[in-house]
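Chemist: Handing over my_file39.cif, mmCIF, C-alpha atoms.
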data_protein
loop_
_atom_site.label_atom_id
_atom_site.label_comp_id
_atom_site.auth_asym_id
_atom_site.auth_seq_id
_atom_site.Cartn_x
_atom_site.Cartn_y
_atom_site.Cartn_z
CA MET A 72 35.16 5.55 4.18
CA LEU A 73 34.07 9.02 3.19
CA LEU A 74 35.62 8.49 -0.22
CA ALA A 75 33.69 5.26 -0.58
CA ALA A 76 30.54 7.07 0.42
CA THR A 77 31.00 9.64 -2.33
CA HIS A 78 31.62 6.84 -4.84
CA TYR A 79 28.50 4.89 -4.00
CA PRO A 80 25.77 7.42 -3.26
CA ASP A 81 23.10 5.25 -4.91
CA TRP A 82 23.90 2.32 -2.67
CA ILE A 83 23.76 4.43 0.47
CA VAL A 84 20.40 5.91 -0.52
CA PHE A 85 19.15 2.43 -1.41
CA PHE A 86 20.07 0.98 1.96
CA VAL A 87 18.71 3.94 3.94
CA GLY A 88 15.43 3.74 2.04
CA GLY A 89 15.36 -0.04 2.38
CA VAL A 90 15.86 0.07 6.15
CA ALA A 91 13.05 2.66 6.41
CA ILE A 92 10.76 0.51 4.28
CA LEU A 93 11.35 -2.72 6.19
CA THR A 94 11.27 -1.08 9.64
CA GLY A 95 7.98 0.60 8.78
CA ALA A 96 6.46 -2.55 7.30
CA ILE A 97 7.34 -4.68 10.31
CA GLY A 98 6.10 -1.89 12.56
CA VAL A 99 2.73 -1.86 10.76
CA VAL A 100 2.29 -5.57 11.35
CA LEU A 101 3.55 -5.69 14.94
CA SER A 102 2.09 -2.50 16.47
CA SER A 103 -0.71 -3.26 18.88
CA ASN A 104 -2.11 0.25 18.51
CA PRO A 105 -3.64 1.05 15.06
CA VAL A 106 -2.45 4.68 15.31
CA HIS A 107 1.14 3.47 15.60
CA SER A 108 0.54 1.19 12.61
CA ALA A 109 -0.60 4.19 10.56
CA LEU A 110 2.50 6.18 11.56
CA MET A 111 4.75 3.24 10.68
CA LEU A 112 2.97 3.11 7.32
CA VAL A 113 4.12 6.71 6.74
CA LEU A 114 7.72 5.59 7.31
CA THR A 115 7.35 2.83 4.72
CA LEU A 116 5.75 5.18 2.20
CA PHE A 117 8.57 7.69 2.62
CA GLY A 118 11.10 4.90 2.12
CA VAL A 119 9.37 3.89 -1.10
CA ALA A 120 9.45 7.53 -2.24
CA VAL A 121 13.21 7.58 -1.56
CA GLU A 122 13.65 4.49 -3.72
CA PHE A 123 11.59 6.18 -6.44
CA VAL A 124 13.93 9.18 -6.39
CA ASN A 125 16.89 6.82 -6.52
CA GLN A 126 15.48 5.41 -9.77
CA GLN A 127 14.80 8.74 -11.49
CA ALA A 128 11.02 8.65 -10.90
CA ASP A 129 10.94 12.16 -9.44
CA PHE A 130 7.32 13.02 -10.17
CA LEU A 131 5.99 9.77 -8.78
CA ALA A 132 8.07 10.20 -5.63
CA ALA A 133 6.40 13.58 -5.05
CA VAL A 134 2.98 12.11 -5.78
CA GLN A 135 3.72 9.22 -3.44
CA VAL A 136 4.44 11.59 -0.56
CA ILE A 137 1.50 13.89 -1.29
CA VAL A 138 -1.15 11.27 -2.05
CA TYR A 139 -0.12 8.44 0.24
CA ALA A 140 1.50 10.09 3.23
CA GLY A 141 -0.53 13.27 2.89
CA ALA A 142 -3.99 11.98 2.09
CA ILE A 143 -4.41 8.24 2.51
CA VAL A 144 -2.72 7.92 5.91
CA ILE A 145 -4.66 10.95 7.16
CA LEU A 146 -7.83 9.22 6.01
CA PHE A 147 -6.78 6.11 7.92
CA LEU A 148 -6.17 8.17 11.05
CA PHE A 149 -9.56 9.88 10.70
CA VAL A 150 -11.31 6.53 10.48
CA ILE A 151 -9.34 5.11 13.42
CA MET A 152 -10.45 8.05 15.54
CA LEU A 153 -13.99 8.00 14.16
CA ILE A 154 -14.81 4.41 14.99
CA GLY A 155 -12.82 4.63 18.20
CA VAL A 156 -10.29 1.83 17.98
CA ASP A 157 -7.34 4.04 18.92
CA ARG A 158 -6.37 1.90 21.87
CA LYS A 159 -4.15 -1.07 22.38
CA GLU A 160 -5.37 -4.49 21.42
CA ASN A 161 -3.92 -7.76 22.56
CA ILE A 162 -2.17 -9.09 19.47
CA ALA A 163 -0.76 -12.10 21.35
CA ARG A 164 -4.26 -13.59 21.43
CA GLU A 165 -4.78 -15.99 18.53
CA PRO A 166 -8.49 -16.58 17.92
CA LEU A 167 -7.97 -19.16 15.18
CA LYS A 168 -5.55 -21.78 16.45
CA GLY A 169 -2.62 -22.56 14.17
CA GLN A 170 -3.40 -19.85 11.67
CA ARG A 171 -0.32 -17.75 12.38
CA PRO A 172 2.32 -20.44 11.78
CA ILE A 173 0.58 -21.39 8.53
CA ALA A 174 0.41 -17.73 7.46
CA ILE A 175 4.12 -17.21 8.19
CA ALA A 176 5.01 -20.43 6.36
CA LEU A 177 2.98 -19.28 3.37
CA GLY A 178 4.78 -15.93 3.50
CA VAL A 179 8.16 -17.67 3.42
CA VAL A 180 6.99 -19.74 0.44
CA VAL A 181 5.91 -16.58 -1.41
CA LEU A 182 9.23 -14.89 -0.68
CA VAL A 183 11.29 -17.88 -1.86
CA GLU A 184 9.16 -18.16 -4.99
CA LEU A 185 9.59 -14.48 -5.85
CA VAL A 186 13.35 -14.61 -5.31
CA VAL A 187 13.70 -17.82 -7.35
CA ILE A 188 11.65 -16.35 -10.19
CA ALA A 189 13.66 -13.13 -10.14
CA ARG A 190 16.94 -15.03 -10.03
CA PHE A 191 16.52 -17.97 -12.37
CA GLN A 192 13.85 -17.11 -14.92
CA GLN A 193 14.51 -15.56 -18.28
CA TRP A 194 11.94 -12.85 -18.39
CA ALA A 195 11.15 -9.32 -19.45
CA THR A 196 13.30 -9.60 -22.53
CA GLY A 197 10.74 -8.46 -25.11
CA ALA A 198 10.75 -5.29 -27.14
CA HIS A 199 12.05 -2.41 -25.09
CA SER A 200 10.47 0.99 -24.80
CA THR A 201 7.17 0.20 -26.43
CA ALA A 202 5.62 3.02 -24.44
CA GLY A 203 8.47 5.46 -24.99
CA SER A 204 12.04 5.65 -23.82
CA LEU A 205 12.88 6.84 -20.34
CA SER A 206 16.32 8.15 -21.21
CA VAL A 207 15.50 10.73 -23.86
CA ALA A 208 16.29 14.32 -23.04
CA GLY A 209 13.73 16.13 -20.92
CA GLU A 210 12.19 16.22 -17.53
CA ASN A 211 10.63 13.18 -15.92
CA VAL A 212 7.34 15.05 -15.53
CA ALA A 213 7.23 15.96 -19.20
CA LEU A 214 7.93 12.37 -20.26
CA LEU A 215 5.25 11.00 -17.98
CA GLY A 216 2.78 13.64 -19.10
CA GLN A 217 3.40 12.84 -22.75
CA SER A 218 2.87 9.16 -22.05
CA VAL A 219 -0.32 9.69 -20.07
CA PHE A 220 -1.89 12.08 -22.56
CA THR A 221 -1.05 10.17 -25.72
CA ARG A 222 -0.72 6.43 -25.41
CA PHE A 223 -2.64 6.06 -22.14
CA LEU A 224 -5.24 8.76 -22.78
CA PHE A 225 -8.20 6.35 -22.71
CA ALA A 226 -7.06 4.82 -19.41
CA PHE A 227 -6.65 8.34 -18.04
CA GLU A 228 -10.23 9.26 -19.01
CA ILE A 229 -11.57 6.05 -17.46
CA THR A 230 -9.66 6.93 -14.29
CA SER A 231 -11.70 10.12 -13.95
CA VAL A 232 -14.90 8.06 -14.14
CA LEU A 233 -13.51 5.73 -11.47
CA LEU A 234 -12.77 8.66 -9.17
CA VAL A 235 -16.30 10.05 -9.57
CA ILE A 236 -17.76 6.63 -8.80
CA ALA A 237 -15.54 6.34 -5.71
CA VAL A 238 -16.60 9.76 -4.43
CA ILE A 239 -20.31 9.01 -4.92
CA GLY A 240 -19.91 5.58 -3.35
CA ALA A 241 -18.10 7.00 -0.33
CA VAL A 242 -20.79 9.63 0.21
CA ILE A 243 -23.56 7.03 0.03
CA LEU A 244 -21.72 4.61 2.30
CA ALA A 245 -20.97 7.27 4.88
CA ARG A 246 -24.57 8.45 5.19
CA ARG A 247 -26.13 7.67 8.52
CA PRO A 248 -28.58 4.86 7.83
CA GLN A 249 -32.22 5.01 8.91
CA GLN A 250 -32.76 3.52 12.33
CA VAL A 251 -34.20 0.05 11.79
CA ALA A 252 -37.03 -0.82 14.15
CA GLY A 253 -35.99 -3.20 16.89
CA GLU A 254 -32.27 -2.84 16.24
CA LEU A 255 -30.00 -1.53 18.96
CA THR A 256 -27.81 1.48 18.41
CA ARG A 257 -24.14 1.29 19.27
CA GLU A 258 -24.67 3.11 22.55
CA GLU A 259 -27.38 0.64 23.56
CA GLN A 260 -25.13 -2.27 22.59
CA GLU A 261 -22.37 -0.86 24.76
CA ALA A 262 -24.80 -0.31 27.61
CA LYS A 263 -25.94 -3.91 27.40
CA GLY A 264 -22.33 -5.05 27.26
CA THR A 265 -22.71 -7.12 24.12
CA MET B 47 27.45 3.47 -9.69
CA THR B 48 23.80 2.53 -9.82
CA VAL B 49 22.19 -0.23 -7.80
CA PRO B 50 21.23 -3.27 -9.95
CA GLY B 51 17.54 -3.90 -10.43
CA ALA B 52 17.71 -7.25 -8.63
CA TRP B 53 18.30 -5.51 -5.29
CA TYR B 54 15.16 -3.45 -5.70
CA LEU B 55 13.20 -6.53 -6.71
CA GLY B 56 14.42 -8.35 -3.60
CA LEU B 57 13.42 -5.40 -1.41
CA ALA B 58 10.00 -5.31 -3.07
CA ALA B 59 9.59 -9.07 -2.56
CA LEU B 60 10.36 -8.65 1.14
CA LEU B 61 7.90 -5.78 1.45
CA PHE B 62 5.19 -7.75 -0.36
CA THR B 63 5.76 -10.75 1.91
CA ILE B 64 5.53 -8.67 5.07
CA GLY B 65 2.32 -7.14 3.77
CA ALA B 66 0.81 -10.52 2.87
CA VAL B 67 1.73 -12.12 6.21
CA GLY B 68 0.43 -9.08 8.06
CA PHE B 69 -2.86 -9.29 6.19
CA LEU B 70 -3.24 -12.94 7.17
CA VAL B 71 -2.09 -12.56 10.77
CA ARG B 72 -3.74 -9.39 12.01
CA ARG B 73 -7.40 -9.29 13.00
CA ASN B 74 -7.93 -5.53 13.07
CA VAL B 75 -9.64 -4.54 9.82
CA LEU B 76 -7.81 -1.22 9.56
CA VAL B 77 -4.39 -2.80 10.01
CA MET B 78 -5.29 -5.45 7.42
CA PHE B 79 -6.14 -2.61 5.06
CA MET B 80 -2.76 -0.98 5.74
CA CYS B 81 -1.11 -4.28 4.86
CA VAL B 82 -2.87 -4.16 1.48
CA GLU B 83 -1.26 -0.75 1.00
CA LEU B 84 2.13 -2.29 1.78
CA MET B 85 1.61 -4.89 -0.97
CA LEU B 86 0.51 -2.20 -3.43
CA ASN B 87 3.67 -0.24 -2.68
CA ALA B 88 5.84 -3.32 -3.19
CA VAL B 89 4.35 -3.78 -6.65
CA ASN B 90 4.82 -0.08 -7.41
CA LEU B 91 8.49 -0.46 -6.53
CA THR B 92 8.88 -3.33 -9.00
CA PHE B 93 7.13 -1.28 -11.70
CA ILE B 94 9.55 1.60 -11.19
CA THR B 95 12.50 -0.79 -11.16
CA PHE B 96 11.49 -2.37 -14.46
CA ALA B 97 10.85 1.06 -15.94
CA ARG B 98 14.48 1.91 -15.21
CA VAL B 99 15.97 -1.46 -16.16
CA LEU B 100 14.06 -1.75 -19.43
CA ASN B 101 14.27 1.99 -20.13
CA ASP B 102 10.52 2.23 -20.62
CA ILE B 103 8.23 5.01 -19.41
CA GLY B 104 5.31 2.54 -19.35
CA GLY B 105 6.27 1.28 -15.90
CA GLN B 106 6.05 4.75 -14.42
CA THR B 107 2.72 5.36 -16.12
CA SER B 108 1.41 2.13 -14.61
CA VAL B 109 2.45 3.33 -11.16
CA PHE B 110 0.58 6.56 -11.85
CA PHE B 111 -2.62 4.61 -12.47
CA VAL B 112 -2.02 2.29 -9.52
CA LEU B 113 -1.77 5.36 -7.27
CA VAL B 114 -5.09 6.68 -8.54
CA VAL B 115 -6.85 3.34 -8.15
CA ALA B 116 -5.33 2.88 -4.68
CA ALA B 117 -6.69 6.25 -3.61
CA ALA B 118 -10.18 5.35 -4.85
CA GLU B 119 -9.92 1.93 -3.21
CA VAL B 120 -8.95 3.42 0.15
CA VAL B 121 -11.87 5.85 0.05
CA VAL B 122 -14.44 3.16 -0.71
CA GLY B 123 -12.86 0.61 1.64
CA LEU B 124 -12.77 2.99 4.58
CA GLY B 125 -16.35 4.00 3.78
CA ILE B 126 -17.40 0.36 4.05
CA ILE B 127 -15.44 -0.08 7.30
CA VAL B 128 -17.09 2.99 8.81
CA ALA B 129 -20.53 1.84 7.66
CA ILE B 130 -20.03 -1.61 9.21
CA PHE B 131 -18.34 -0.66 12.46
CA ARG B 132 -20.38 2.42 13.31
CA ARG B 133 -22.91 0.14 15.00
CA ARG B 134 -20.44 -2.12 16.77
CA THR B 135 -17.65 -1.82 19.28
CA GLY B 136 -14.17 -2.79 18.23
CA ALA B 137 -13.05 -3.33 14.66
CA THR B 138 -11.80 -6.88 14.31
CA ALA B 139 -12.65 -9.19 11.47
CA ASP B 140 -13.92 -11.73 13.99
CA ASP B 141 -16.83 -9.43 14.83
CA LEU B 142 -18.25 -10.11 11.38
CA HIS B 143 -18.72 -13.84 11.74
CA ILE B 144 -22.50 -13.71 11.39
CA LEU B 145 -23.46 -13.10 7.77
CA LYS B 146 -26.74 -11.32 8.39
CA GLY B 147 -28.03 -7.86 7.63
#
The structure in this file should be written as structure tokens.
Modeler:
Amino acid sequence: MLLAATHYPDWIVFFVGGVAILTGAIGVVLSSNPVHSALMLVLTLFGVAVEFVNQQADFLAAVQVIVYAGAIVILFLFVIMLIGVDRKENIAREPLKGQRPIAIALGVVVLVELVVIARFQQWATGAHSTAGSLSVAGENVALLGQSVFTRFLFAFEITSVLLVIAVIGAVILARRPQQVAGELTREEQEAKGT
Amino acid sequence: MTVPGAWYLGLAALLFTIGAVGFLVRRNVLVMFMCVELMLNAVNLTFITFARVLNDIGGQTSVFFVLVVAAAEVVVGLGIIVAIFRRRTGATADDLHILKG
């Protein structure tokens, strides 16, 4: 058993990461408390990072942990606390009758389609390595950096514009709006029980 | 011995499906948003898998850009959620059934 484990390290890492990913994903969907959903999301993101490492994408695995688990999930938790929904909700209640069975059926259809496409289609057989080979000598970071700063330089520059727009948009959205005459504040709504 | 790409693609398909079903089933806006993140991660996993299978750095570069765009998307999306739900109690999509200012 131990011998087998040393022969198939990739498989073991794959299955450990896969179990983490699927457990976390199902936990996100089924948790009645949004805070638990966010923590389950961290589990999934770590699992994805493990699968990245298993496929020699070292830099992106680090970025995945830092950006997703370190920044995005924290942002989610901040917002959950800020708008005060960090309590249990009744997820058994189904406001729109019959929507859940249809959604699950659609999900099964999507899954079957994806598996059938992946299994039976002839695809992705064009020219290899149009953006540069992955297996040349050198670090993963250096390869990725070369790719980003040569072939994808324009996209990289546009990305900076996108980030600036996102920051400005977030600041404007998060400003406290002027009190509109005749409109109730949240506290007044709560007091009236609406 | 490396794991064949098909296994990763199957795992990514499962993750994408769970994310899509979760987005359709849940009513809490924040959890729906997390399900979008699940789907983004599933696609990232396929990109990385194809980068390895086809021996092409382009897949990893795509994931790099997807990460950046996802970060920007989360910031703006959460800003919108905060702006909408600051005046209301609860955060379910059903609270937004009246399309008025």
Chemist: Taking the file as shown, find all residues satisfying the PyMOL selection byres ((chain B) within 6 of (chain A)) and write them as a list in words.
Modeler: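 What the PyMOL selection byres ((chain B) within 6 of (chain A)) grabs from the file is Met47, Thr48, Val49, Thr63, Val67, Gly68, Val71, Asn101, Asp102, Ile103, Gly104, Ala118, Val122, Gly125, Arg133 and Arg134 of chain B.
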Chemist: List the residues selected by the PyMOL selection byres ((chain B and resi 58) around 8) in the file shown, writing them as a count of residues only.
Modeler: 12
Chemist: So how many Å separate CA of Ala66 (chain B) and CA of Ile137 (chain A), to one decimal?
Modeler: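 CA of Ile137 (chain A) lies at a distance of 24.8 Å from CA of Ala66 (chain B).
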Chemist: Could you tell me how far CA of Val121 (chain B) sits from CA of Leu76 (chain B), in Å to one decimal place?
Modeler: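 CA of Val121 (chain B) lies 12.5 Å from CA of Leu76 (chain B).
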Chemist: Please indicate the distance in Å from CA of Met85 (chain B) to CA of Phe69 (chain B), rounded to one decimal place.
Modeler: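 CA of Met85 (chain B) sits 9.5 Å away from CA of Phe69 (chain B).
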Chemist: For each of A:Met152, A:Val87, A:Ile229, A:Leu110, take the minimum atom-to-atom distance to Val128 (chain B), counting only C-alpha atoms, then give the residue where this is smallest.
Modeler: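 Among the listed residues, the smallest separation from Val128 (chain B) belongs to A:Met152.
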Chemist: Saving region 72-110 of chain B with C-alpha atoms, as an mmCIF file, in the first residue's frame, what would that file be?
Modeler:
data_model
loop_
_atom_site.group_PDB
_atom_site.id
_atom_site.type_symbol
_atom_site.label_atom_id
_atom_site.label_comp_id
_atom_site.auth_asym_id
_atom_site.auth_seq_id
_atom_site.Cartn_x
_atom_site.Cartn_y
_atom_site.Cartn_z
ATOM 1 C CA ARG B 72 -30.235 29.490 -3.664
ATOM 2 C CA ARG B 73 -32.062 32.748 -2.983
ATOM 3 C CA ASN B 74 -29.405 34.534 -0.935
ATOM 4 C CA VAL B 75 -27.616 36.976 -3.241
ATOM 5 C CA LEU B 76 -24.235 36.489 -1.569
ATOM 6 C CA VAL B 77 -24.390 32.705 -1.846
ATOM 7 C CA MET B 78 -25.433 33.027 -5.498
ATOM 8 C CA PHE B 79 -22.348 35.174 -6.012
ATOM 9 C CA MET B 80 -20.168 32.508 -4.370
ATOM 10 C CA CYS B 81 -21.621 29.977 -6.783
ATOM 11 C CA VAL B 82 -20.461 32.187 -9.664
ATOM 12 C CA GLU B 83 -16.974 31.965 -8.146
ATOM 13 C CA LEU B 84 -17.280 28.165 -8.125
ATOM 14 C CA MET B 85 -18.054 28.179 -11.857
ATOM 15 C CA LEU B 86 -15.129 30.524 -12.551
ATOM 16 C CA ASN B 87 -12.820 28.167 -10.685
ATOM 17 C CA ALA B 88 -14.103 25.177 -12.645
ATOM 18 C CA VAL B 89 -13.234 26.946 -15.892
ATOM 19 C CA ASN B 90 -9.820 27.913 -14.519
ATOM 20 C CA LEU B 91 -9.176 24.255 -13.770
ATOM 21 C CA THR B 92 -9.965 23.288 -17.365
ATOM 22 C CA PHE B 93 -7.653 26.048 -18.636
ATOM 23 C CA ILE B 94 -4.791 24.729 -16.522
ATOM 24 C CA THR B 95 -5.521 21.174 -17.612
ATOM 25 C CA PHE B 96 -5.419 22.081 -21.296
ATOM 26 C CA ALA B 97 -2.256 24.100 -20.734
ATOM 27 C CA ARG B 98 -0.612 20.930 -19.464
ATOM 28 C CA VAL B 99 -2.148 18.528 -21.979
ATOM 29 C CA LEU B 100 -1.400 20.717 -25.002
ATOM 30 C CA ASN B 101 1.918 21.932 -23.569
ATOM 31 C CA ASP B 102 0.931 25.557 -24.068
ATOM 32 C CA ILE B 103 1.572 28.451 -21.687
ATOM 33 C CA GLY B 104 -1.455 30.281 -23.129
ATOM 34 C CA GLY B 105 -3.847 28.403 -20.851
ATOM 35 C CA GLN B 106 -2.025 29.576 -17.755
ATOM 36 C CA THR B 107 -1.941 33.140 -19.046
ATOM 37 C CA SER B 108 -5.701 32.979 -19.581
ATOM 38 C CA VAL B 109 -6.166 31.893 -15.977
ATOM 39 C CA PHE B 110 -4.031 34.856 -14.924
#
